[in-house]
file query26.cif (mmCIF, N, CA and C atoms)
data_final
loop_
_atom_site.label_atom_id
_atom_site.label_comp_id
_atom_site.auth_asym_id
_atom_site.auth_seq_id
_atom_site.Cartn_x
_atom_site.Cartn_y
_atom_site.Cartn_z
N MET A 26 -20.42 -1.45 3.23
CA MET A 26 -20.32 -0.01 3.07
C MET A 26 -19.21 0.57 3.96
N ASP A 27 -18.91 -0.11 5.03
CA ASP A 27 -17.91 0.37 5.98
C ASP A 27 -16.53 0.51 5.34
N ARG A 28 -16.29 -0.20 4.27
CA ARG A 28 -14.98 -0.18 3.61
C ARG A 28 -14.87 0.90 2.53
N ILE A 29 -15.95 1.60 2.28
CA ILE A 29 -15.97 2.66 1.27
C ILE A 29 -15.62 3.99 1.95
N ASP A 30 -14.61 4.69 1.43
CA ASP A 30 -14.14 5.94 2.06
C ASP A 30 -15.14 7.07 1.96
N ILE A 31 -15.69 7.27 0.80
CA ILE A 31 -16.60 8.41 0.57
C ILE A 31 -17.94 7.85 0.10
N GLN A 32 -18.97 8.15 0.86
CA GLN A 32 -20.31 7.67 0.56
C GLN A 32 -21.25 8.87 0.47
N ILE A 33 -21.77 9.13 -0.70
CA ILE A 33 -22.72 10.24 -0.84
C ILE A 33 -23.87 9.81 -1.73
N GLU A 34 -25.01 10.39 -1.48
CA GLU A 34 -26.15 10.16 -2.34
C GLU A 34 -26.13 11.25 -3.41
N VAL A 35 -26.25 10.85 -4.65
CA VAL A 35 -26.25 11.79 -5.76
C VAL A 35 -27.65 11.82 -6.35
N PRO A 36 -28.34 12.95 -6.23
CA PRO A 36 -29.70 13.01 -6.78
C PRO A 36 -29.68 13.02 -8.30
N ALA A 37 -30.78 12.61 -8.88
CA ALA A 37 -30.91 12.61 -10.33
C ALA A 37 -30.87 14.05 -10.84
N VAL A 38 -30.27 14.24 -12.00
CA VAL A 38 -30.21 15.55 -12.63
C VAL A 38 -31.52 15.77 -13.38
N PRO A 39 -32.16 16.91 -13.15
CA PRO A 39 -33.41 17.18 -13.87
C PRO A 39 -33.21 17.17 -15.38
N PHE A 40 -34.21 16.70 -16.10
CA PHE A 40 -34.13 16.60 -17.55
C PHE A 40 -33.77 17.93 -18.20
N GLU A 41 -34.31 19.03 -17.67
CA GLU A 41 -34.05 20.35 -18.24
C GLU A 41 -32.56 20.66 -18.25
N GLU A 42 -31.87 20.26 -17.21
CA GLU A 42 -30.42 20.50 -17.16
C GLU A 42 -29.68 19.59 -18.13
N LEU A 43 -30.15 18.37 -18.27
CA LEU A 43 -29.50 17.43 -19.19
C LEU A 43 -29.66 17.84 -20.65
N SER A 44 -30.82 18.40 -20.96
CA SER A 44 -31.09 18.74 -22.35
C SER A 44 -30.80 20.19 -22.69
N GLY A 45 -30.26 20.94 -21.72
CA GLY A 45 -29.95 22.35 -21.93
C GLY A 45 -28.72 22.55 -22.80
N SER A 46 -28.33 23.80 -22.92
CA SER A 46 -27.21 24.14 -23.79
C SER A 46 -25.87 23.66 -23.27
N GLY A 47 -25.82 23.28 -22.01
CA GLY A 47 -24.56 22.80 -21.45
C GLY A 47 -23.66 23.91 -20.95
N ASN A 48 -24.13 25.13 -20.98
CA ASN A 48 -23.34 26.25 -20.48
C ASN A 48 -23.50 26.35 -18.96
N VAL A 49 -22.56 25.80 -18.26
CA VAL A 49 -22.57 25.84 -16.81
C VAL A 49 -21.60 26.91 -16.37
N THR A 50 -22.05 27.79 -15.51
CA THR A 50 -21.17 28.87 -15.04
C THR A 50 -20.76 28.61 -13.60
N GLY A 51 -19.62 29.12 -13.24
CA GLY A 51 -19.12 28.99 -11.87
C GLY A 51 -18.51 27.62 -11.63
N GLY A 52 -18.07 27.43 -10.41
CA GLY A 52 -17.49 26.14 -10.05
C GLY A 52 -16.02 26.06 -10.40
N THR A 53 -15.46 24.93 -10.10
CA THR A 53 -14.06 24.67 -10.34
C THR A 53 -13.89 23.96 -11.67
N THR A 54 -12.94 24.41 -12.47
CA THR A 54 -12.68 23.76 -13.75
C THR A 54 -11.88 22.48 -13.51
N SER A 55 -11.86 21.62 -14.49
CA SER A 55 -11.08 20.39 -14.40
C SER A 55 -9.60 20.71 -14.22
N ALA A 56 -9.11 21.72 -14.91
CA ALA A 56 -7.69 22.10 -14.80
C ALA A 56 -7.37 22.60 -13.40
N GLN A 57 -8.26 23.39 -12.82
CA GLN A 57 -8.05 23.88 -11.45
C GLN A 57 -8.05 22.72 -10.46
N MET A 58 -8.99 21.81 -10.63
CA MET A 58 -9.06 20.66 -9.73
C MET A 58 -7.83 19.78 -9.89
N ARG A 59 -7.39 19.55 -11.12
CA ARG A 59 -6.19 18.76 -11.35
C ARG A 59 -4.98 19.36 -10.63
N GLU A 60 -4.84 20.68 -10.72
CA GLU A 60 -3.73 21.37 -10.05
C GLU A 60 -3.82 21.19 -8.54
N ALA A 61 -5.00 21.34 -7.98
CA ALA A 61 -5.18 21.18 -6.52
C ALA A 61 -4.86 19.76 -6.08
N VAL A 62 -5.28 18.79 -6.88
CA VAL A 62 -5.02 17.38 -6.54
C VAL A 62 -3.52 17.09 -6.65
N GLU A 63 -2.87 17.59 -7.68
CA GLU A 63 -1.43 17.37 -7.83
C GLU A 63 -0.67 17.98 -6.65
N GLN A 64 -1.06 19.17 -6.23
CA GLN A 64 -0.40 19.79 -5.08
C GLN A 64 -0.65 19.00 -3.80
N ALA A 65 -1.86 18.49 -3.63
CA ALA A 65 -2.18 17.68 -2.45
C ALA A 65 -1.35 16.39 -2.45
N ARG A 66 -1.20 15.78 -3.60
CA ARG A 66 -0.40 14.55 -3.69
C ARG A 66 1.07 14.83 -3.40
N GLU A 67 1.55 15.99 -3.81
CA GLU A 67 2.93 16.38 -3.50
C GLU A 67 3.09 16.58 -1.99
N ARG A 68 2.11 17.21 -1.35
CA ARG A 68 2.14 17.39 0.11
C ARG A 68 2.21 16.03 0.81
N GLN A 69 1.39 15.11 0.33
CA GLN A 69 1.34 13.79 0.95
C GLN A 69 2.66 13.05 0.75
N ALA A 70 3.18 13.09 -0.46
CA ALA A 70 4.46 12.42 -0.73
C ALA A 70 5.56 13.00 0.14
N ALA A 71 5.56 14.32 0.33
CA ALA A 71 6.56 14.96 1.20
C ALA A 71 6.37 14.52 2.65
N ARG A 72 5.14 14.41 3.09
CA ARG A 72 4.84 14.00 4.47
C ARG A 72 5.41 12.62 4.76
N PHE A 73 5.32 11.72 3.78
CA PHE A 73 5.74 10.34 3.99
C PHE A 73 7.11 10.04 3.38
N SER A 74 7.86 11.06 2.99
CA SER A 74 9.12 10.85 2.28
C SER A 74 10.13 10.04 3.09
N GLY A 75 10.15 10.17 4.39
CA GLY A 75 11.10 9.41 5.21
C GLY A 75 10.54 8.10 5.72
N ASP A 76 9.34 7.79 5.32
CA ASP A 76 8.66 6.58 5.80
C ASP A 76 9.19 5.36 5.06
N ARG A 77 9.50 4.33 5.81
CA ARG A 77 10.06 3.11 5.20
C ARG A 77 9.00 2.05 4.91
N THR A 78 7.74 2.37 5.19
CA THR A 78 6.68 1.39 4.95
C THR A 78 6.19 1.42 3.52
N GLY A 79 6.64 2.38 2.73
CA GLY A 79 6.20 2.49 1.35
C GLY A 79 4.95 3.35 1.18
N VAL A 80 4.46 3.91 2.27
CA VAL A 80 3.29 4.77 2.19
C VAL A 80 3.68 6.08 1.53
N ARG A 81 2.87 6.50 0.55
CA ARG A 81 3.10 7.78 -0.12
C ARG A 81 1.91 8.70 -0.05
N TYR A 82 0.72 8.13 0.21
CA TYR A 82 -0.51 8.91 0.18
C TYR A 82 -1.38 8.60 1.39
N ASN A 83 -2.27 9.52 1.71
CA ASN A 83 -3.13 9.39 2.88
C ASN A 83 -3.93 8.10 2.88
N ALA A 84 -4.42 7.69 1.73
CA ALA A 84 -5.25 6.48 1.65
C ALA A 84 -4.49 5.23 2.10
N GLN A 85 -3.17 5.29 2.08
CA GLN A 85 -2.35 4.14 2.43
C GLN A 85 -1.94 4.12 3.90
N MET A 86 -2.31 5.14 4.65
CA MET A 86 -1.86 5.24 6.04
C MET A 86 -2.34 4.07 6.90
N THR A 87 -1.46 3.61 7.76
CA THR A 87 -1.84 2.63 8.78
C THR A 87 -2.57 3.36 9.90
N SER A 88 -3.18 2.61 10.80
CA SER A 88 -3.86 3.23 11.93
C SER A 88 -2.90 4.08 12.77
N ARG A 89 -1.69 3.62 12.93
CA ARG A 89 -0.69 4.38 13.68
C ARG A 89 -0.36 5.70 12.97
N GLN A 90 -0.21 5.65 11.65
CA GLN A 90 0.08 6.86 10.88
C GLN A 90 -1.11 7.82 10.90
N VAL A 91 -2.32 7.29 10.92
CA VAL A 91 -3.51 8.13 11.03
C VAL A 91 -3.42 8.94 12.33
N ARG A 92 -3.06 8.29 13.43
CA ARG A 92 -2.96 8.98 14.72
C ARG A 92 -1.86 10.05 14.70
N GLU A 93 -0.78 9.78 13.98
CA GLU A 93 0.33 10.72 13.92
C GLU A 93 0.05 11.90 12.99
N CYS A 94 -0.57 11.64 11.85
CA CYS A 94 -0.73 12.65 10.80
C CYS A 94 -2.07 13.38 10.84
N CYS A 95 -2.99 12.90 11.63
CA CYS A 95 -4.34 13.48 11.65
C CYS A 95 -4.69 13.97 13.05
N LYS A 96 -3.82 14.73 13.61
CA LYS A 96 -4.06 15.26 14.96
C LYS A 96 -5.20 16.28 14.91
N LEU A 97 -6.06 16.20 15.92
CA LEU A 97 -7.21 17.08 16.00
C LEU A 97 -7.12 17.96 17.24
N ASP A 98 -7.58 19.20 17.13
CA ASP A 98 -7.68 20.04 18.32
C ASP A 98 -8.89 19.56 19.11
N SER A 99 -9.12 20.14 20.28
CA SER A 99 -10.19 19.65 21.15
C SER A 99 -11.57 19.82 20.54
N THR A 100 -11.79 20.90 19.80
CA THR A 100 -13.10 21.12 19.15
C THR A 100 -13.35 20.04 18.11
N CYS A 101 -12.36 19.76 17.28
CA CYS A 101 -12.50 18.72 16.26
C CYS A 101 -12.66 17.34 16.90
N SER A 102 -11.90 17.10 17.95
CA SER A 102 -12.00 15.81 18.63
C SER A 102 -13.41 15.60 19.19
N ASP A 103 -13.97 16.64 19.79
CA ASP A 103 -15.35 16.56 20.29
C ASP A 103 -16.34 16.32 19.16
N MET A 104 -16.13 17.00 18.03
CA MET A 104 -17.01 16.84 16.87
C MET A 104 -16.96 15.40 16.37
N LEU A 105 -15.77 14.84 16.26
CA LEU A 105 -15.63 13.48 15.77
C LEU A 105 -16.24 12.49 16.77
N ARG A 106 -15.99 12.69 18.05
CA ARG A 106 -16.56 11.82 19.08
C ARG A 106 -18.09 11.81 18.98
N HIS A 107 -18.68 12.99 18.87
CA HIS A 107 -20.13 13.11 18.77
C HIS A 107 -20.64 12.38 17.53
N SER A 108 -19.96 12.55 16.41
CA SER A 108 -20.39 11.91 15.16
C SER A 108 -20.29 10.39 15.25
N VAL A 109 -19.21 9.90 15.82
CA VAL A 109 -19.03 8.46 15.97
C VAL A 109 -20.14 7.88 16.83
N GLU A 110 -20.44 8.57 17.93
CA GLU A 110 -21.48 8.08 18.83
C GLU A 110 -22.87 8.19 18.21
N GLU A 111 -23.17 9.31 17.58
CA GLU A 111 -24.51 9.53 17.01
C GLU A 111 -24.77 8.62 15.81
N MET A 112 -23.74 8.41 15.00
CA MET A 112 -23.92 7.63 13.78
C MET A 112 -23.59 6.15 13.99
N GLY A 113 -23.07 5.81 15.17
CA GLY A 113 -22.70 4.43 15.45
C GLY A 113 -21.60 3.92 14.54
N LEU A 114 -20.60 4.76 14.30
CA LEU A 114 -19.52 4.41 13.37
C LEU A 114 -18.55 3.41 13.97
N SER A 115 -17.99 2.59 13.12
CA SER A 115 -16.98 1.61 13.52
C SER A 115 -15.61 2.27 13.63
N ALA A 116 -14.66 1.53 14.16
CA ALA A 116 -13.27 2.02 14.22
C ALA A 116 -12.74 2.24 12.80
N ARG A 117 -13.13 1.38 11.88
CA ARG A 117 -12.70 1.54 10.48
C ARG A 117 -13.24 2.86 9.91
N ALA A 118 -14.52 3.15 10.15
CA ALA A 118 -15.12 4.39 9.65
C ALA A 118 -14.46 5.60 10.29
N HIS A 119 -14.13 5.51 11.57
CA HIS A 119 -13.43 6.59 12.29
C HIS A 119 -12.12 6.93 11.58
N ASP A 120 -11.33 5.90 11.28
CA ASP A 120 -10.05 6.13 10.61
C ASP A 120 -10.24 6.65 9.19
N LYS A 121 -11.25 6.17 8.51
CA LYS A 121 -11.51 6.65 7.15
C LYS A 121 -11.88 8.13 7.15
N ILE A 122 -12.66 8.54 8.13
CA ILE A 122 -12.99 9.97 8.25
C ILE A 122 -11.72 10.78 8.43
N LEU A 123 -10.82 10.31 9.28
CA LEU A 123 -9.57 11.03 9.51
C LEU A 123 -8.70 11.09 8.25
N ARG A 124 -8.63 9.98 7.52
CA ARG A 124 -7.85 9.99 6.27
C ARG A 124 -8.44 10.98 5.27
N VAL A 125 -9.75 10.96 5.14
CA VAL A 125 -10.41 11.84 4.18
C VAL A 125 -10.26 13.30 4.60
N CYS A 126 -10.42 13.61 5.89
CA CYS A 126 -10.28 15.02 6.30
C CYS A 126 -8.84 15.49 6.16
N ARG A 127 -7.86 14.60 6.34
CA ARG A 127 -6.46 14.97 6.11
C ARG A 127 -6.27 15.31 4.62
N THR A 128 -6.90 14.55 3.74
CA THR A 128 -6.82 14.81 2.31
C THR A 128 -7.51 16.12 1.95
N ILE A 129 -8.67 16.37 2.54
CA ILE A 129 -9.38 17.63 2.29
C ILE A 129 -8.51 18.80 2.71
N ALA A 130 -7.85 18.69 3.86
CA ALA A 130 -6.94 19.75 4.31
C ALA A 130 -5.78 19.91 3.33
N ASP A 131 -5.26 18.79 2.82
CA ASP A 131 -4.16 18.86 1.84
C ASP A 131 -4.60 19.56 0.56
N VAL A 132 -5.79 19.24 0.08
CA VAL A 132 -6.30 19.89 -1.13
C VAL A 132 -6.48 21.39 -0.88
N SER A 133 -6.84 21.75 0.34
CA SER A 133 -7.01 23.16 0.71
C SER A 133 -5.68 23.85 0.98
N GLY A 134 -4.58 23.09 0.98
CA GLY A 134 -3.26 23.65 1.24
C GLY A 134 -3.01 23.94 2.71
N GLU A 135 -3.71 23.25 3.58
CA GLU A 135 -3.60 23.48 5.02
C GLU A 135 -2.77 22.40 5.70
N ASP A 136 -1.93 22.82 6.64
CA ASP A 136 -1.15 21.86 7.41
C ASP A 136 -1.96 21.22 8.53
N LYS A 137 -2.88 21.99 9.08
CA LYS A 137 -3.70 21.49 10.19
C LYS A 137 -5.11 21.18 9.72
N ILE A 138 -5.68 20.17 10.33
CA ILE A 138 -7.08 19.82 10.07
C ILE A 138 -7.95 20.77 10.86
N SER A 139 -8.94 21.37 10.18
CA SER A 139 -9.85 22.28 10.85
C SER A 139 -11.25 21.66 10.93
N GLU A 140 -12.14 22.36 11.63
CA GLU A 140 -13.52 21.90 11.76
C GLU A 140 -14.18 21.76 10.40
N ILE A 141 -13.87 22.65 9.49
CA ILE A 141 -14.47 22.60 8.15
C ILE A 141 -14.05 21.32 7.42
N HIS A 142 -12.77 20.96 7.51
CA HIS A 142 -12.28 19.75 6.87
C HIS A 142 -12.95 18.52 7.47
N LEU A 143 -13.03 18.50 8.80
CA LEU A 143 -13.63 17.36 9.48
C LEU A 143 -15.11 17.24 9.18
N ALA A 144 -15.83 18.36 9.21
CA ALA A 144 -17.27 18.34 8.92
C ALA A 144 -17.53 17.80 7.51
N GLU A 145 -16.71 18.21 6.55
CA GLU A 145 -16.89 17.72 5.19
C GLU A 145 -16.66 16.22 5.13
N ALA A 146 -15.61 15.74 5.78
CA ALA A 146 -15.32 14.30 5.77
C ALA A 146 -16.43 13.51 6.45
N ILE A 147 -16.97 14.02 7.54
CA ILE A 147 -18.07 13.34 8.22
C ILE A 147 -19.28 13.27 7.31
N ASN A 148 -19.55 14.35 6.59
CA ASN A 148 -20.69 14.36 5.67
C ASN A 148 -20.54 13.35 4.54
N TYR A 149 -19.32 12.96 4.23
CA TYR A 149 -19.10 11.95 3.20
C TYR A 149 -19.38 10.53 3.69
N ARG A 150 -19.77 10.39 4.94
CA ARG A 150 -20.16 9.09 5.48
C ARG A 150 -21.68 8.97 5.48
N ASN A 151 -22.30 9.56 4.51
CA ASN A 151 -23.77 9.65 4.40
C ASN A 151 -24.47 8.32 4.54
N LEU A 152 -23.94 7.28 3.95
CA LEU A 152 -24.63 5.99 3.95
C LEU A 152 -24.46 5.23 5.25
N ASP A 153 -23.60 5.71 6.16
CA ASP A 153 -23.49 5.10 7.47
C ASP A 153 -24.66 5.49 8.35
N ARG A 154 -25.35 6.56 7.98
CA ARG A 154 -26.49 7.01 8.76
C ARG A 154 -27.65 6.06 8.54
N ASP A 155 -28.64 6.17 9.35
CA ASP A 155 -29.79 5.27 9.28
C ASP A 155 -30.79 5.71 8.21
N LEU A 156 -30.31 6.23 7.10
CA LEU A 156 -31.18 6.69 6.04
C LEU A 156 -31.74 5.54 5.19
N TRP A 157 -31.05 4.42 5.22
CA TRP A 157 -31.40 3.35 4.31
C TRP A 157 -32.09 2.17 4.99
N VAL A 158 -32.55 2.39 6.20
CA VAL A 158 -33.20 1.29 6.93
C VAL A 158 -34.67 1.23 6.59
#

call {"tool": "encode", "arguments": {"input": "query26.cif", "output": "structure tokens"}}
result
Amino acid sequence: MDRIDIQIEVPAVPFEELSGSGNVTGGTTSAQMREAVEQARERQAARFSGDRTGVRYNAQMTSRQVRECCKLDSTCSDMLRHSVEEMGLSARAHDKILRVCRTIADVSGEDKISEIHLAEAINYRNLDRDLWV
């Protein structure tokens, strides 16, 4: 599980929702999400444009690039430290959280990683918690 970037538990959909009319209101449309992802990928490609290692996207970052591209302020650093210690995360999981939160910030159109981006990325490490013991 340590090698999986995003780990979440997905609850079963109630039968009533499955057999309903299918009219779901609110949320992000596929077209909106596609646009956000395309813009995030453009941000990432621009970030690594001068890189000679062939890296174009956050998922491809080396540990050194993670340290360079995923700088955290002191509040975020404390949050990550606490999460690593409380959840017993490995160095691999630590770097995966940073890659994912950098991507979340990119999708949000943000240059800096904020507490919200980091908290979301930490929450995606759901299966690292002791829920499955």

call {"tool": "atom_distance", "arguments": {"input": "query26.cif", "atom1": "atom CA of Leu143 of chain A", "atom2": "atom CA of Ala71 of chain A"}}
result
22.0 Å

call {"tool": "residues_around", "arguments": {"input": "query26.cif", "residues": "Ala130 of chain A", "least_positions_apart": "3", "cutoff": "8 Å", "atoms": "all atoms listed in the file", "output": "MDAnalysis selection string"}}
result
chainID A and resid 65 124:127 133:139 141:143

call {"tool": "closest_residue", "arguments": {"input": "query26.cif", "among": "A:Cys101, A:Ile33, A:Ala116, A:Val109", "to": "Glu140 of chain A", "atoms": "only C-alpha atoms"}}
result
A:Cys101

call {"tool": "closest_residue", "arguments": {"input": "query26.cif", "among": "A:Leu97, A:Tyr82, A:Gly45, A:Ile29", "to": "Val62 of chain A", "atoms": "only C-alpha atoms"}}
result
A:Tyr82

call {"tool": "select_by_dssp", "arguments": {"input": "query26.cif", "residues": "segment 104-158 of chain A", "states": "alpha helix (DSSP H)", "output": "VMD selection string"}}
result
chain A and resid 104 to 112 116 to 132 140 to 148

call {"tool": "closest_residue", "arguments": {"input": "query26.cif", "among": "A:Ser99, A:Ser74, A:Gln57, A:Thr87", "to": "Leu123 of chain A", "atoms": "only C-alpha atoms"}}
result
A:Thr87

call {"tool": "closest_residue", "arguments": {"input": "query26.cif", "among": "A:Met86, A:Thr100, A:Glu63, A:Arg150", "to": "His119 of chain A", "atoms": "only C-alpha atoms"}}
result
A:Arg150

call {"tool": "atom_distance", "arguments": {"input": "query26.cif", "atom1": "atom C of Ala61 of chain A", "atom2": "atom N of His107 of chain A"}}
result
29.3 Å

call {"tool": "atom_distance", "arguments": {"input": "query26.cif", "atom1": "atom CA of Lys121 of chain A", "atom2": "atom CA of Ser102 of chain A"}}
result
14.7 Å
